[in-house]
file work10.cif (mmCIF, C-alpha atoms)
data_coords
loop_
_atom_site.label_atom_id
_atom_site.label_comp_id
_atom_site.auth_asym_id
_atom_site.auth_seq_id
_atom_site.Cartn_x
_atom_site.Cartn_y
_atom_site.Cartn_z
CA MET A 148 3.34 -20.84 5.12
CA THR A 149 0.70 -22.82 3.28
CA GLY A 150 -2.19 -21.61 1.21
CA ARG A 151 -5.69 -21.88 2.57
CA ARG A 152 -8.64 -22.51 0.29
CA ARG A 153 -11.80 -21.12 1.82
CA PRO A 154 -14.72 -20.77 -0.59
CA THR A 155 -17.16 -18.15 0.67
CA PHE A 156 -20.93 -18.61 0.66
CA PRO A 157 -23.70 -16.47 2.13
CA ARG A 158 -25.09 -19.29 4.32
CA PRO A 159 -24.44 -22.99 5.00
CA PHE A 160 -25.09 -25.43 2.17
CA PRO A 161 -25.86 -29.11 2.48
CA GLY A 162 -22.99 -31.48 2.23
CA VAL A 163 -19.56 -31.17 3.81
CA ILE A 164 -16.58 -32.80 2.14
CA SER A 165 -13.34 -33.33 4.00
CA ALA A 166 -10.26 -32.14 2.12
CA ALA A 167 -7.40 -33.19 4.32
CA ALA A 168 -4.74 -32.52 1.72
CA ALA A 169 -5.75 -28.87 1.54
CA GLY A 170 -6.33 -28.60 5.26
CA ALA A 171 -9.73 -26.98 4.65
CA LEU A 172 -13.45 -27.73 4.48
CA LEU A 173 -15.06 -27.29 1.09
CA LEU A 174 -18.76 -26.53 1.29
CA SER A 175 -20.96 -27.06 -1.74
CA GLY A 176 -24.62 -26.79 -2.57
CA CYS A 177 -27.15 -26.08 -5.26
CA GLY A 178 -30.52 -24.48 -5.70
CA VAL A 179 -31.85 -20.98 -6.27
CA LEU A 180 -29.98 -18.05 -4.76
CA PRO A 181 -31.96 -15.59 -2.60
CA GLY A 182 -33.47 -12.95 -4.85
CA ALA A 183 -32.80 -14.90 -8.07
CA THR A 184 -35.57 -15.80 -10.48
CA GLY A 185 -35.71 -19.29 -11.94
CA GLY A 186 -32.78 -21.70 -11.79
CA SER A 187 -29.38 -20.37 -10.89
CA ARG A 188 -26.66 -20.17 -13.52
CA GLU A 189 -23.27 -21.85 -13.11
CA PRO A 190 -21.29 -20.40 -10.18
CA VAL A 191 -18.35 -18.04 -10.69
CA THR A 192 -15.22 -19.05 -8.80
CA VAL A 193 -12.40 -16.55 -8.27
CA MET A 194 -9.37 -16.21 -6.00
CA THR A 195 -8.15 -13.36 -3.82
CA TRP A 196 -4.73 -13.49 -2.22
CA ALA A 197 -2.79 -11.31 0.19
CA PRO A 198 -0.18 -11.71 2.92
CA ASP A 199 -2.03 -12.55 6.10
CA ARG A 200 0.17 -14.32 8.63
CA SER A 201 3.94 -14.40 8.71
CA GLU A 202 6.64 -14.95 11.31
CA ASP A 203 8.75 -12.27 9.60
CA ILE A 204 8.20 -9.02 11.50
CA ASN A 205 9.08 -7.05 8.36
CA ALA A 206 6.47 -8.79 6.22
CA VAL A 207 3.51 -6.79 4.95
CA LYS A 208 0.16 -7.98 6.32
CA MET A 209 -3.06 -7.30 4.43
CA ALA A 210 -5.67 -9.48 6.11
CA GLY A 211 -8.40 -7.01 5.21
CA VAL A 212 -8.11 -7.84 1.51
CA PRO A 213 -9.37 -11.47 1.60
CA ALA A 214 -11.82 -10.53 4.35
CA MET A 215 -13.33 -7.84 2.11
CA ALA A 216 -13.54 -10.32 -0.78
CA GLN A 217 -15.45 -12.78 1.36
CA THR A 218 -17.76 -10.04 2.62
CA TYR A 219 -18.47 -8.93 -0.95
CA ALA A 220 -19.40 -12.52 -1.86
CA ARG A 221 -21.82 -12.79 1.09
CA TRP A 222 -23.53 -9.59 0.00
CA VAL A 223 -23.75 -10.51 -3.68
CA ASN A 224 -25.01 -14.02 -2.98
CA ASP A 225 -27.56 -12.81 -0.45
CA THR A 226 -29.01 -10.46 -3.07
CA GLY A 227 -29.35 -12.91 -5.97
CA GLY A 228 -25.75 -13.45 -7.00
CA ILE A 229 -24.29 -11.88 -10.14
CA ASP A 230 -27.36 -12.10 -12.37
CA GLY A 231 -28.23 -15.41 -10.70
CA ARG A 232 -24.69 -16.74 -10.50
CA GLU A 233 -23.29 -17.67 -7.12
CA LEU A 234 -19.94 -16.00 -6.42
CA ARG A 235 -17.40 -18.30 -4.84
CA VAL A 236 -14.19 -16.83 -3.42
CA ILE A 237 -11.07 -18.87 -2.68
CA VAL A 238 -8.52 -17.05 -0.54
CA CYS A 239 -4.80 -17.73 -0.35
CA ASP A 240 -2.17 -16.41 2.05
CA GLU A 241 0.88 -15.53 -0.06
CA GLY A 242 2.91 -14.73 3.06
CA ASP A 243 4.66 -11.74 1.45
CA THR A 244 7.17 -14.09 -0.20
CA SER A 245 7.93 -14.83 -3.83
CA ILE A 246 7.45 -18.55 -3.17
CA GLY A 247 4.09 -17.93 -1.57
CA ALA A 248 2.95 -15.69 -4.40
CA GLU A 249 3.86 -18.28 -7.03
CA ARG A 250 2.16 -21.02 -5.01
CA CYS A 251 -1.09 -19.04 -4.81
CA ALA A 252 -0.97 -18.35 -8.55
CA ARG A 253 -0.47 -22.03 -9.34
CA GLU A 254 -3.35 -22.92 -7.05
CA ALA A 255 -5.55 -20.41 -8.88
CA VAL A 256 -4.72 -22.13 -12.17
CA ASP A 257 -5.25 -25.60 -10.70
CA GLU A 258 -8.63 -24.56 -9.26
CA LYS A 259 -9.63 -23.22 -12.70
CA VAL A 260 -10.74 -19.88 -11.28
CA ALA A 261 -12.23 -17.35 -13.67
CA ALA A 262 -9.90 -14.61 -12.37
CA VAL A 263 -7.73 -13.48 -9.50
CA VAL A 264 -9.47 -10.41 -8.11
CA GLY A 265 -8.58 -7.56 -5.75
CA SER A 266 -5.38 -9.08 -4.40
CA TYR A 267 -2.19 -7.69 -2.85
CA SER A 268 1.33 -8.91 -3.55
CA ARG A 269 4.73 -7.28 -4.00
CA HIS A 270 5.95 -10.31 -5.97
CA GLY A 271 4.57 -9.88 -9.45
CA GLN A 272 7.70 -11.37 -10.98
CA SER A 273 6.68 -14.64 -9.32
CA PHE A 274 2.89 -14.77 -9.63
CA MET A 275 2.33 -13.17 -13.03
CA PRO A 276 4.21 -15.76 -15.15
CA ALA A 277 2.19 -18.54 -13.50
CA LEU A 278 -1.08 -16.74 -14.23
CA GLU A 279 -0.04 -16.03 -17.80
CA ALA A 280 0.84 -19.69 -18.34
CA GLY A 281 -2.66 -20.66 -17.15
CA GLY A 282 -4.44 -17.84 -18.96
CA VAL A 283 -5.94 -16.44 -15.74
CA PRO A 284 -6.63 -12.66 -15.66
CA TYR A 285 -5.58 -10.49 -12.72
CA ILE A 286 -8.26 -7.88 -12.00
CA GLY A 287 -7.70 -4.88 -9.77
CA GLY A 288 -4.62 -5.84 -7.82
CA TYR A 289 -3.46 -3.22 -5.33
CA GLY A 290 -0.67 -2.10 -7.63
CA ALA A 291 2.24 -3.13 -5.41
CA SER A 292 4.25 -4.77 -8.22
CA THR A 293 5.36 -3.39 -11.58
CA GLU A 294 4.13 -6.46 -13.47
CA GLU A 295 0.56 -5.40 -12.75
CA PHE A 296 1.10 -2.51 -15.15
CA SER A 297 2.81 -4.47 -17.90
CA SER A 298 1.23 -7.94 -18.18
CA TYR A 299 -1.33 -8.43 -20.94
CA LEU A 300 -3.51 -10.34 -18.44
CA SER A 301 -3.54 -7.57 -15.84
CA TYR A 302 -6.47 -5.17 -15.52
CA PRO A 303 -5.47 -2.52 -12.94
CA VAL A 304 -8.08 -0.18 -11.47
CA ASN A 305 -5.60 2.53 -10.42
CA GLY A 306 -2.36 4.00 -11.75
CA GLY A 307 -0.13 2.47 -9.08
CA GLN A 308 2.65 4.28 -7.28
CA SER A 309 3.78 5.87 -10.55
CA ALA A 310 0.57 7.90 -10.84
CA LEU A 311 0.77 8.84 -7.17
CA LEU A 312 4.31 10.17 -7.50
CA ALA A 313 3.57 12.09 -10.69
CA GLY A 314 0.49 13.57 -9.04
CA HIS A 315 2.34 14.30 -5.83
CA GLY A 316 4.83 16.47 -7.67
CA ARG A 317 1.93 18.48 -9.05
CA GLN A 318 0.30 18.70 -5.61
CA LEU A 319 3.52 19.97 -3.99
CA GLY A 320 4.26 22.31 -6.87
CA SER A 321 1.41 24.61 -5.86
CA SER A 322 2.92 25.49 -2.48
CA CYS A 323 6.47 24.11 -2.06
CA THR A 324 9.39 26.18 -3.35
CA ARG A 325 11.76 23.28 -2.81
CA VAL A 326 11.22 19.57 -2.12
CA SER A 327 13.45 16.94 -0.52
CA LEU A 328 12.51 13.39 -1.52
CA VAL A 329 13.47 10.57 0.84
CA ARG A 330 13.11 7.28 -0.99
CA PRO A 331 14.44 3.69 -0.93
CA ASP A 332 18.00 3.00 -2.02
CA SER A 333 16.84 0.37 -4.50
CA ILE A 334 16.14 -0.21 -8.17
CA GLY A 335 12.47 0.53 -7.56
CA GLY A 336 13.37 3.70 -5.70
CA ASP A 337 15.51 4.91 -8.59
CA GLY A 338 12.39 5.46 -10.66
CA MET A 339 10.74 7.76 -8.11
CA PRO A 340 12.58 11.08 -8.61
CA PRO A 341 11.83 11.42 -12.37
CA LEU A 342 8.10 10.93 -11.76
CA LEU A 343 7.95 13.38 -8.85
CA ASN A 344 10.07 15.86 -10.80
CA ASN A 345 7.76 15.68 -13.81
CA GLY A 346 4.98 17.01 -11.61
CA LEU A 347 7.19 19.65 -10.01
CA LEU A 348 8.61 20.89 -13.31
CA ALA A 349 5.10 21.16 -14.75
CA ALA A 350 4.45 23.68 -11.93
CA ASN A 351 7.70 25.52 -12.74
CA ARG A 352 9.39 24.26 -9.58
CA PRO A 353 12.96 22.94 -9.43
CA ALA A 354 13.63 19.20 -9.35
CA SER A 355 13.59 17.56 -5.94
CA THR A 356 16.65 16.81 -3.85
CA ASP A 357 17.16 13.05 -3.89
CA ILE A 358 17.93 11.45 -0.50
CA LEU A 359 18.49 7.69 -0.40
CA ALA A 360 17.46 5.59 2.60
CA PRO A 361 17.86 1.89 3.49
CA LEU A 362 14.57 0.06 3.95
CA ASP A 363 15.80 -2.01 6.89
CA ALA A 364 16.82 0.90 9.14
CA THR A 365 15.44 1.37 12.64
CA SER A 366 16.31 5.09 12.63
CA TYR A 367 16.60 7.70 9.90
CA ASP A 368 18.37 10.49 11.75
CA GLU A 369 20.97 10.92 9.00
CA GLN A 370 18.36 11.17 6.24
CA ALA A 371 16.15 13.46 8.35
CA THR A 372 19.08 15.81 8.92
CA GLN A 373 19.82 15.91 5.18
CA ALA A 374 16.16 16.54 4.37
CA LEU A 375 15.97 19.45 6.80
CA GLU A 376 19.19 21.01 5.54
CA ARG A 377 18.28 20.71 1.87
CA SER A 378 14.59 21.58 1.98
CA GLY A 379 15.35 25.27 2.32
CA GLY A 380 12.22 25.75 4.38
CA GLY A 381 10.15 24.04 1.73
CA CYS A 382 8.68 20.55 1.90
CA VAL A 383 9.95 17.09 2.80
CA THR A 384 8.32 14.03 1.26
CA ALA A 385 9.08 10.44 2.22
CA VAL A 386 7.97 7.41 0.22
CA LEU A 387 9.33 4.46 2.21
CA GLY A 388 6.31 2.19 2.54
CA ALA A 389 6.01 0.81 6.05
CA ARG A 390 9.21 2.64 7.05
CA THR A 391 7.72 6.07 6.37
CA GLU A 392 6.47 6.25 9.95
CA THR A 393 9.98 5.53 11.23
CA PHE A 394 11.44 8.31 9.08
CA PHE A 395 8.97 10.94 10.27
CA ASP A 396 9.57 9.92 13.89
CA SER A 397 13.23 10.80 13.33
CA PHE A 398 12.32 13.92 11.38
CA ARG A 399 10.01 15.43 13.99
CA ARG A 400 12.56 14.80 16.76
CA LEU A 401 15.25 16.68 14.84
CA GLU A 402 13.08 19.50 13.56
CA PRO A 403 14.04 22.80 15.29
CA ASP A 404 11.48 24.26 17.71
CA GLY A 405 9.24 26.81 16.07
CA GLU A 406 10.24 25.76 12.56
CA GLN A 407 7.67 23.41 11.09
CA VAL A 408 8.49 22.13 7.62
CA ARG A 409 5.56 20.87 5.56
CA ILE A 410 5.71 17.09 5.21
CA SER A 411 4.07 14.90 2.59
CA SER A 412 3.77 11.41 1.15
CA VAL A 413 1.53 9.18 -0.96
CA LEU A 414 -1.09 6.61 -0.01
CA GLY A 415 0.58 3.30 0.67
CA SER A 416 3.25 5.03 2.70
CA VAL A 417 0.74 7.09 4.72
CA SER A 418 -2.83 5.92 5.35
CA GLN A 419 -5.76 6.74 7.59
CA PRO A 420 -5.16 3.64 9.77
CA LEU A 421 -1.55 4.81 10.27
CA ILE A 422 -2.70 8.32 11.20
CA ASN A 423 -5.19 6.85 13.68
CA ARG A 424 -2.56 4.60 15.22
CA THR A 425 -0.03 7.41 15.65
CA GLY A 426 -2.30 9.83 17.48
CA GLY A 427 -5.01 11.07 15.16
CA ARG A 428 -5.05 14.85 15.31
CA ASN A 429 -1.89 14.67 17.45
CA SER A 430 -0.19 12.47 14.86
CA PRO A 431 3.13 13.61 13.35
CA PHE A 432 1.26 13.53 10.03
CA GLU A 433 -1.10 16.37 10.96
CA GLY A 434 -1.00 18.90 8.14
CA ALA A 435 0.71 16.54 5.69
CA TYR A 436 -0.08 16.59 1.99
CA VAL A 437 -1.00 13.14 0.64
CA THR A 438 -1.77 12.02 -2.91
CA GLY A 439 -4.25 9.16 -3.32
CA TRP A 440 -6.09 7.21 -6.00
CA TYR A 441 -9.63 7.54 -4.71
CA PRO A 442 -11.86 10.05 -2.91
CA ASP A 443 -11.14 10.45 0.80
CA ALA A 444 -12.67 7.79 3.04
CA ARG A 445 -15.47 10.05 4.32
CA ASN A 446 -16.72 10.77 0.81
CA ALA A 447 -20.37 9.75 0.37
CA ARG A 448 -19.40 7.57 -2.61
CA TRP A 449 -18.04 4.96 -0.19
CA GLN A 450 -21.37 4.60 1.62
CA GLN A 451 -22.50 1.45 -0.18
CA MET A 452 -19.22 -0.30 0.69
CA ARG A 453 -19.58 0.78 4.32
CA ASP A 454 -23.16 -0.49 4.44
CA VAL A 455 -22.11 -3.87 3.03
CA ILE A 456 -19.28 -4.16 5.56
CA GLU A 457 -21.61 -3.29 8.44
CA LYS A 458 -24.20 -5.88 7.42
CA TYR A 459 -22.12 -8.73 6.00
CA ALA A 460 -18.69 -8.61 7.67
CA PHE A 461 -20.20 -9.78 10.98
CA GLY A 462 -17.91 -7.56 13.03
CA ASP A 463 -14.73 -8.81 11.32
CA ASN A 464 -12.15 -6.34 12.65
CA ARG A 465 -9.72 -7.18 9.85
CA ILE A 466 -11.75 -4.95 7.55
CA ASP A 467 -11.10 -1.22 7.89
CA PRO A 468 -13.17 0.77 5.36
CA ASP A 469 -10.55 3.54 5.54
CA ASP A 470 -7.85 1.14 4.30
CA THR A 471 -6.88 1.73 0.66
CA ALA A 472 -6.31 -2.00 0.13
CA VAL A 473 -9.86 -2.77 1.27
CA GLN A 474 -11.18 0.00 -0.97
CA THR A 475 -9.24 -1.34 -3.96
CA THR A 476 -10.69 -4.82 -3.37
CA TRP A 477 -14.20 -3.38 -3.43
CA ILE A 478 -13.51 -1.64 -6.75
CA ALA A 479 -11.89 -4.77 -8.21
CA TYR A 480 -14.97 -6.88 -7.44
CA THR A 481 -17.13 -4.16 -8.96
CA ALA A 482 -15.11 -4.66 -12.17
CA LEU A 483 -15.54 -8.45 -11.97
CA ARG A 484 -19.28 -8.05 -11.54
CA ALA A 485 -19.50 -5.88 -14.67
CA ALA A 486 -17.51 -8.43 -16.69
CA VAL A 487 -19.63 -11.38 -15.54
CA ARG A 488 -22.84 -9.56 -16.35
CA ALA A 489 -21.52 -8.75 -19.84
CA ILE A 490 -20.75 -12.43 -20.49
CA GLY A 491 -24.44 -13.21 -20.23
CA ASP A 492 -25.66 -16.81 -20.40
CA GLU A 493 -22.33 -18.42 -21.28
CA ASN A 494 -20.17 -20.10 -18.65
CA VAL A 495 -17.72 -17.70 -17.02
CA THR A 496 -14.22 -18.87 -17.96
CA PRO A 497 -10.88 -17.06 -17.81
CA GLY A 498 -10.88 -16.72 -21.59
CA ARG A 499 -14.35 -15.17 -21.67
CA VAL A 500 -13.45 -12.75 -18.86
CA VAL A 501 -10.36 -11.66 -20.81
CA ALA A 502 -12.30 -11.29 -24.06
CA THR A 503 -15.01 -9.25 -22.31
CA LEU A 504 -12.55 -6.90 -20.64
CA ASN A 505 -10.50 -6.48 -23.82
CA GLY A 506 -13.70 -5.93 -25.77
CA GLY A 507 -14.49 -2.73 -23.90
CA VAL A 508 -16.93 -3.53 -21.10
CA GLU A 509 -17.39 -0.34 -19.07
CA VAL A 510 -17.08 -0.43 -15.28
CA ASP A 511 -19.04 2.23 -13.41
CA THR A 512 -17.59 2.46 -9.89
CA GLY A 513 -20.06 5.06 -8.67
CA GLY A 514 -17.52 7.86 -8.97
CA LEU A 515 -14.80 6.16 -6.92
CA THR A 516 -12.74 6.10 -10.11
CA PRO A 517 -13.37 7.34 -13.63
CA THR A 518 -15.29 4.82 -15.75
CA LEU A 519 -12.86 1.93 -16.26
CA ARG A 520 -12.30 0.24 -19.60
CA TRP A 521 -9.34 -1.75 -20.94
CA ARG A 522 -9.53 -1.52 -24.72
CA PHE A 523 -6.24 -0.99 -26.52
CA LYS A 524 -7.01 2.68 -27.09
CA ASP A 525 -7.79 3.18 -23.38
CA LEU A 526 -4.29 2.14 -22.29
CA VAL A 527 -1.66 4.77 -21.52
CA GLY A 528 0.66 2.63 -23.61
CA THR A 529 4.01 4.02 -22.45
CA LEU A 530 6.97 1.67 -22.34
CA SER A 531 7.04 1.62 -18.54
CA TYR A 532 3.30 1.45 -17.84
CA PRO A 533 1.51 -0.07 -20.83
CA ARG A 534 -1.51 -1.38 -18.86
CA ILE A 535 -2.54 1.76 -16.96
CA VAL A 536 -6.01 3.00 -17.90
CA ASN A 537 -6.77 5.14 -14.84
CA THR A 538 -4.41 8.12 -14.69
CA LYS A 539 -6.50 10.09 -12.17
CA VAL A 540 -5.39 10.88 -8.60
CA THR A 541 -6.78 12.90 -5.70
CA PHE A 542 -5.10 15.58 -3.58
CA GLN A 543 -5.66 15.20 0.16
CA VAL A 544 -4.40 16.79 3.36
CA VAL A 545 -4.46 15.60 6.99
CA ARG A 546 -6.76 17.90 8.98
CA GLU A 547 -7.68 17.16 12.60
CA GLY A 548 -6.43 13.62 12.20
CA ARG A 549 -8.38 12.82 9.03
CA LEU A 550 -7.42 12.57 5.40
CA THR A 551 -9.66 15.10 3.72
CA ALA A 552 -9.91 16.45 0.19
CA GLN A 553 -7.54 19.32 -0.50
CA LYS A 554 -8.95 19.70 -4.00
CA LYS A 555 -12.33 18.46 -5.19
CA GLY A 556 -12.47 15.77 -7.83
CA PHE A 557 -9.71 14.01 -9.72
CA VAL A 558 -6.52 15.31 -11.26
CA ASP A 559 -5.31 13.67 -14.48
CA VAL A 560 -1.56 12.98 -14.52
CA ALA A 561 -1.37 11.17 -17.86
CA ASP A 562 1.01 13.78 -19.28
CA ALA A 563 3.47 13.17 -16.42
CA LEU A 564 3.55 9.38 -16.88
CA THR A 565 6.19 9.57 -19.56
CA ASP A 566 9.18 7.33 -20.09
CA ALA A 567 11.67 10.16 -19.62
CA PRO A 568 11.79 13.14 -17.25
CA ARG A 569 10.76 16.53 -18.49
CA SER A 570 13.50 19.03 -19.28
#

call {"tool": "encode", "arguments": {"input": "work10.cif", "output": "C-alpha cells"}}
result
Amino acid sequence: MTGRRRPTFPRPFPGVISAAAAGALLLSGCGVLPGATGGSREPVTVMTWAPDRSEDINAVKMAGVPAMAQTYARWVNDTGGIDGRELRVIVCDEGDTSIGAERCAREAVDEKVAAVVGSYSRHGQSFMPALEAGGVPYIGGYGASTEEFSSYLSYPVNGGQSALLAGHGRQLGSSCTRVSLVRPDSIGGDGMPPLLNNGLLAANRPASTDILAPLDATSYDEQATQALERSGGGCVTAVLGARTETFFDSFRRLEPDGEQVRISSVLGSVSQPLINRTGGRNSPFEGAYVTGWYPDARNARWQQMRDVIEKYAFGDNRIDPDDTAVQTTWIAYTALRAAVRAIGDENVTPGRVVATLNGGVEVDTGGLTPTLRWRFKDLVGTLSYPRIVNTKVTFQVVREGRLTAQKKGFVDVADALTDAPRS
C-alpha cells in the first residue's frame, strides 16, 4: 500500500504540476475565493487518513472518512474559505497497518500540515510518536486507538469506546437484571468489563458475566451458548467490532424459539449501515440497545451535514451520513474551523493550532456534542484517559430498522470513567 496525496479544491485551478514520485497530480492556484472579500489569506493545509483499500479481507475500510474531508473542503472553499483562507486537504490511505499509519504520519510532518483532522486508525502506537516528533496536532480522530486519549497533541471530540462502555452499563442497568458481556480475548478487551460494570453497579445491578471470544473466529456458537446460559433471561451484549455481526448470527440461530433475549452493543460494533445491510427492520439487531456518542442519524442537528453532502459530494457513494466515522469527521473539521478562525490574521501553523486549542477556544458543534474545549481544567484527567473532554453519550434503540433515541439528550458518564472499578 502506498499513500496518496490528493489536495482538495472546490474547482480547477490554473497550473498542473506532475509529481511522479508521489504518483499524484498536485493542483495549485491563487486569487480570491468565492464569497471572500479582498485578498485571500494564506491557505490552510491539513491531512486526513483512513484505511481505504487493502488486500487483507480482515482489514477495516473507512473510505467515507477522506471522502467526507474532501467534501467539507469543497463546501468551505465554495463559500469563502475559513475566513478567506482556502482549505486544502491531503488524504492518505493507511491500509489498516501499523506501517501504513506511521507512513501517513511522517508524510503529514513532511508536508508541514497544520493538523491531522478527522482520521481513523487503530494504530496509534505507530502514528502518534511520529506526529509528536513533528509537533503536529491530531484533531477529532475516530477514537479507535488508546493513544488518542493520552497524547498531549491529541484533541478528541468524543470519549472513545471507554465512554460508550461506561454509558452502556448505565443504559442496560435500567432494564437488564443480568448481563453477559462477549468481548475480545485481548489486552484491549480486558479493560471492557470494569467500565461496563461501573455503569451496571451505579444502577444497583450485579457485575456482568465475562465471556471471552477470539477476534478471528468464523463462528461463535460456543460463546453464544455461554451467553444464553449465563444471561438468566436478561441481556446479552457483544463488543467485537466487525465480528459482532458474526456473533449475533450464531446467537440468533441458537436462541430457543419463543425466548427472545434482549441484545445490545455500542456504536462501532453496531451501526446503521450494518443494520441496513442485515435486513433493516428484519435485521437480527431489531430491538437492540445501542450506546452512541452523538444524536441518532435522523436528528435535525445533522441536517447541515446532509445538505453539504448532497450538494458537494457529487454522488460519492463512499459517504454515508448515517456512518459514525463520517459524522466524526464532520465534527472534527468543525473544530478545525473554530481554531483557524481564532488564530486570526497570523499564518496557521501546527504550533499556533496547538496554542489556540490549549488556550480554550470553544467549539460549537450545533448540539451534536456538548461545547468542546481542551483547556487543562476541561480534561477528565484520569490516568487511563487524560485527554477526554467529552464524557457525554446517547442511549439509542433499534426500532423498525432504525437507530432511534431511547432517551432524549446526552448522558454524562464522567463518574464512571475511573481508573478502578466501583465496589

call {"tool": "resolve_selection", "arguments": {"input": "work10.cif", "expression": "the PyMOL selection byres ((chain A and resi 340-356) around 8)", "output": "compact mmCIF listing (two decimals) with C-alpha atoms, in the frame of the given file"}}
result
# COMPACT_ATOMS: atom_id res chain seq x y z
CA SER A 309 3.78 5.87 -10.55
CA LEU A 312 4.31 10.17 -7.50
CA ALA A 313 3.57 12.09 -10.69
CA GLY A 314 0.49 13.57 -9.04
CA HIS A 315 2.34 14.30 -5.83
CA GLY A 316 4.83 16.47 -7.67
CA ARG A 317 1.93 18.48 -9.05
CA GLN A 318 0.30 18.70 -5.61
CA LEU A 319 3.52 19.97 -3.99
CA GLY A 320 4.26 22.31 -6.87
CA SER A 321 1.41 24.61 -5.86
CA THR A 324 9.39 26.18 -3.35
CA ARG A 325 11.76 23.28 -2.81
CA VAL A 326 11.22 19.57 -2.12
CA SER A 327 13.45 16.94 -0.52
CA LEU A 328 12.51 13.39 -1.52
CA GLY A 336 13.37 3.70 -5.70
CA ASP A 337 15.51 4.91 -8.59
CA GLY A 338 12.39 5.46 -10.66
CA MET A 339 10.74 7.76 -8.11
CA ASP A 357 17.16 13.05 -3.89
CA ILE A 358 17.93 11.45 -0.50
CA ARG A 377 18.28 20.71 1.87
CA SER A 378 14.59 21.58 1.98
CA ALA A 563 3.47 13.17 -16.42
CA LEU A 564 3.55 9.38 -16.88
CA ALA A 567 11.67 10.16 -19.62
CA PRO A 568 11.79 13.14 -17.25
CA ARG A 569 10.76 16.53 -18.49
CA SER A 570 13.50 19.03 -19.28

call {"tool": "resolve_selection", "arguments": {"input": "work10.cif", "expression": "the PyMOL selection byres ((chain A and resi 510-513) around 8)", "output": "list of chain:residue names"}}
result
A:Arg448, A:Ile478, A:Thr481, A:Ala482, A:Ala485, A:Val508, A:Glu509, A:Gly514, A:Leu515, A:Thr516, A:Pro517, A:Thr518, A:Leu519, A:Arg520

call {"tool": "residues_around", "arguments": {"input": "work10.cif", "residues": "region 492-506 of chain A", "least_positions_apart": "4", "cutoff": "10 Å", "atoms": "all atoms listed in the file", "output": "PyMOL selection string"}}
result
chain A and resi 188-193+230+232+256+259-263+281-286+299-302+482-483+485-488+510+519-523

call {"tool": "axis_aligned_box", "arguments": {"input": "work10.cif", "around": "region 266-276 of chain A", "padding_each_side": "3 Å", "output": "AutoDock Vina command-line options"}}
result
--center_x 1.2 --center_y -11.5 --center_z -9.0 --size_x 19.1 --size_y 14.5 --size_z 18.3

call {"tool": "resolve_selection", "arguments": {"input": "work10.cif", "expression": "the PyMOL selection byres ((chain A and resi 294-296) around 9)", "output": "PyMOL selection string"}}
result
chain A and resi 270-272+275+285+287-293+297-303+306-307+531-535

call {"tool": "closest_residue", "arguments": {"input": "work10.cif", "among": "A:Ala220, A:Ala479, A:Val413, A:Ala277", "to": "Tyr459 (chain A)", "atoms": "all atoms listed in the file"}}
result
A:Ala220

call {"tool": "closest_residue", "arguments": {"input": "work10.cif", "among": "A:Ala197, A:Leu311, A:Cys239, A:Ala216", "to": "Ser266 (chain A)", "atoms": "only C-alpha atoms"}}
result
A:Ala197

call {"tool": "closest_residue", "arguments": {"input": "work10.cif", "among": "A:Val560, A:Ala280, A:Ile422, A:Val304", "to": "Val544 (chain A)", "atoms": "all atoms listed in the file"}}
result
A:Ile422

call {"tool": "atom_distance", "arguments": {"input": "work10.cif", "atom1": "CA of Ala374 (chain A)", "atom2": "CA of Ile334 (chain A)"}}
result
20.9 Å

call {"tool": "atom_distance", "arguments": {"input": "work10.cif", "atom1": "CA of Pro331 (chain A)", "atom2": "CA of Ala360 (chain A)"}}
result
5.0 Å

call {"tool": "closest_residue", "arguments": {"input": "work10.cif", "among": "A:Leu421, A:Asp463, A:Ala310, A:Val455", "to": "Val536 (chain A)", "atoms": "only C-alpha atoms"}}
result
A:Ala310

call {"tool": "residues_around", "arguments": {"input": "work10.cif", "residues": "region 200-204 of chain A", "least_positions_apart": "4", "cutoff": "10 Å", "atoms": "all atoms listed in the file", "output": "mmCIF file with C-alpha atoms, in the coordinates of the input"}}
result
data_model
loop_
_atom_site.group_PDB
_atom_site.id
_atom_site.type_symbol
_atom_site.label_atom_id
_atom_site.label_comp_id
_atom_site.auth_asym_id
_atom_site.auth_seq_id
_atom_site.Cartn_x
_atom_site.Cartn_y
_atom_site.Cartn_z
ATOM 1 C CA MET A 148 3.340 -20.840 5.120
ATOM 2 C CA LYS A 208 0.160 -7.980 6.320
ATOM 3 C CA MET A 209 -3.060 -7.300 4.430
ATOM 4 C CA ALA A 210 -5.670 -9.480 6.110
ATOM 5 C CA ASP A 240 -2.170 -16.410 2.050
ATOM 6 C CA GLU A 241 0.880 -15.530 -0.060
ATOM 7 C CA GLY A 242 2.910 -14.730 3.060
ATOM 8 C CA ASP A 243 4.660 -11.740 1.450
ATOM 9 C CA THR A 244 7.170 -14.090 -0.200
#

call {"tool": "atom_distance", "arguments": {"input": "work10.cif", "atom1": "CA of Trp440 (chain A)", "atom2": "CA of Thr551 (chain A)"}}
result
13.0 Å

call {"tool": "residues_around", "arguments": {"input": "work10.cif", "residues": "Asn446 (chain A)", "least_positions_apart": "4", "cutoff": "12 Å", "atoms": "only C-alpha atoms", "output": "PyMOL selection string"}}
result
chain A and resi 441-442+450-453+468-469+513-515+543+549-552+555-556

call {"tool": "residues_around", "arguments": {"input": "work10.cif", "residues": "region 396-407 of chain A", "least_positions_apart": "2", "cutoff": "8 Å", "atoms": "all atoms listed in the file", "output": "ChimeraX atom specification"}}
result
/A:366-368,371-372,375,392-394,409,431

call {"tool": "build_atoms", "arguments": {"input": "work10.cif", "residues": "region 327-331 of chain A", "atoms": "N, CA and C atoms", "output": "mmCIF file, keeping the file's coordinate frame"}}
result
data_model
loop_
_atom_site.group_PDB
_atom_site.id
_atom_site.type_symbol
_atom_site.label_atom_id
_atom_site.label_comp_id
_atom_site.auth_asym_id
_atom_site.auth_seq_id
_atom_site.Cartn_x
_atom_site.Cartn_y
_atom_site.Cartn_z
ATOM 1 N N SER A 327 12.491 18.027 -0.760
ATOM 2 C CA SER A 327 13.450 16.940 -0.520
ATOM 3 C C SER A 327 12.691 15.627 -0.566
ATOM 4 N N LEU A 328 13.149 14.703 -1.393
ATOM 5 C CA LEU A 328 12.510 13.390 -1.520
ATOM 6 C C LEU A 328 13.370 12.330 -0.835
ATOM 7 N N VAL A 329 12.797 11.670 0.169
ATOM 8 C CA VAL A 329 13.470 10.570 0.840
ATOM 9 C C VAL A 329 12.837 9.289 0.328
ATOM 10 N N ARG A 330 13.660 8.464 -0.322
ATOM 11 C CA ARG A 330 13.110 7.280 -0.990
ATOM 12 C C ARG A 330 14.065 6.098 -0.836
ATOM 13 N N PRO A 331 13.600 4.884 -1.149
ATOM 14 C CA PRO A 331 14.440 3.690 -0.930
ATOM 15 C C PRO A 331 15.685 3.689 -1.825
#
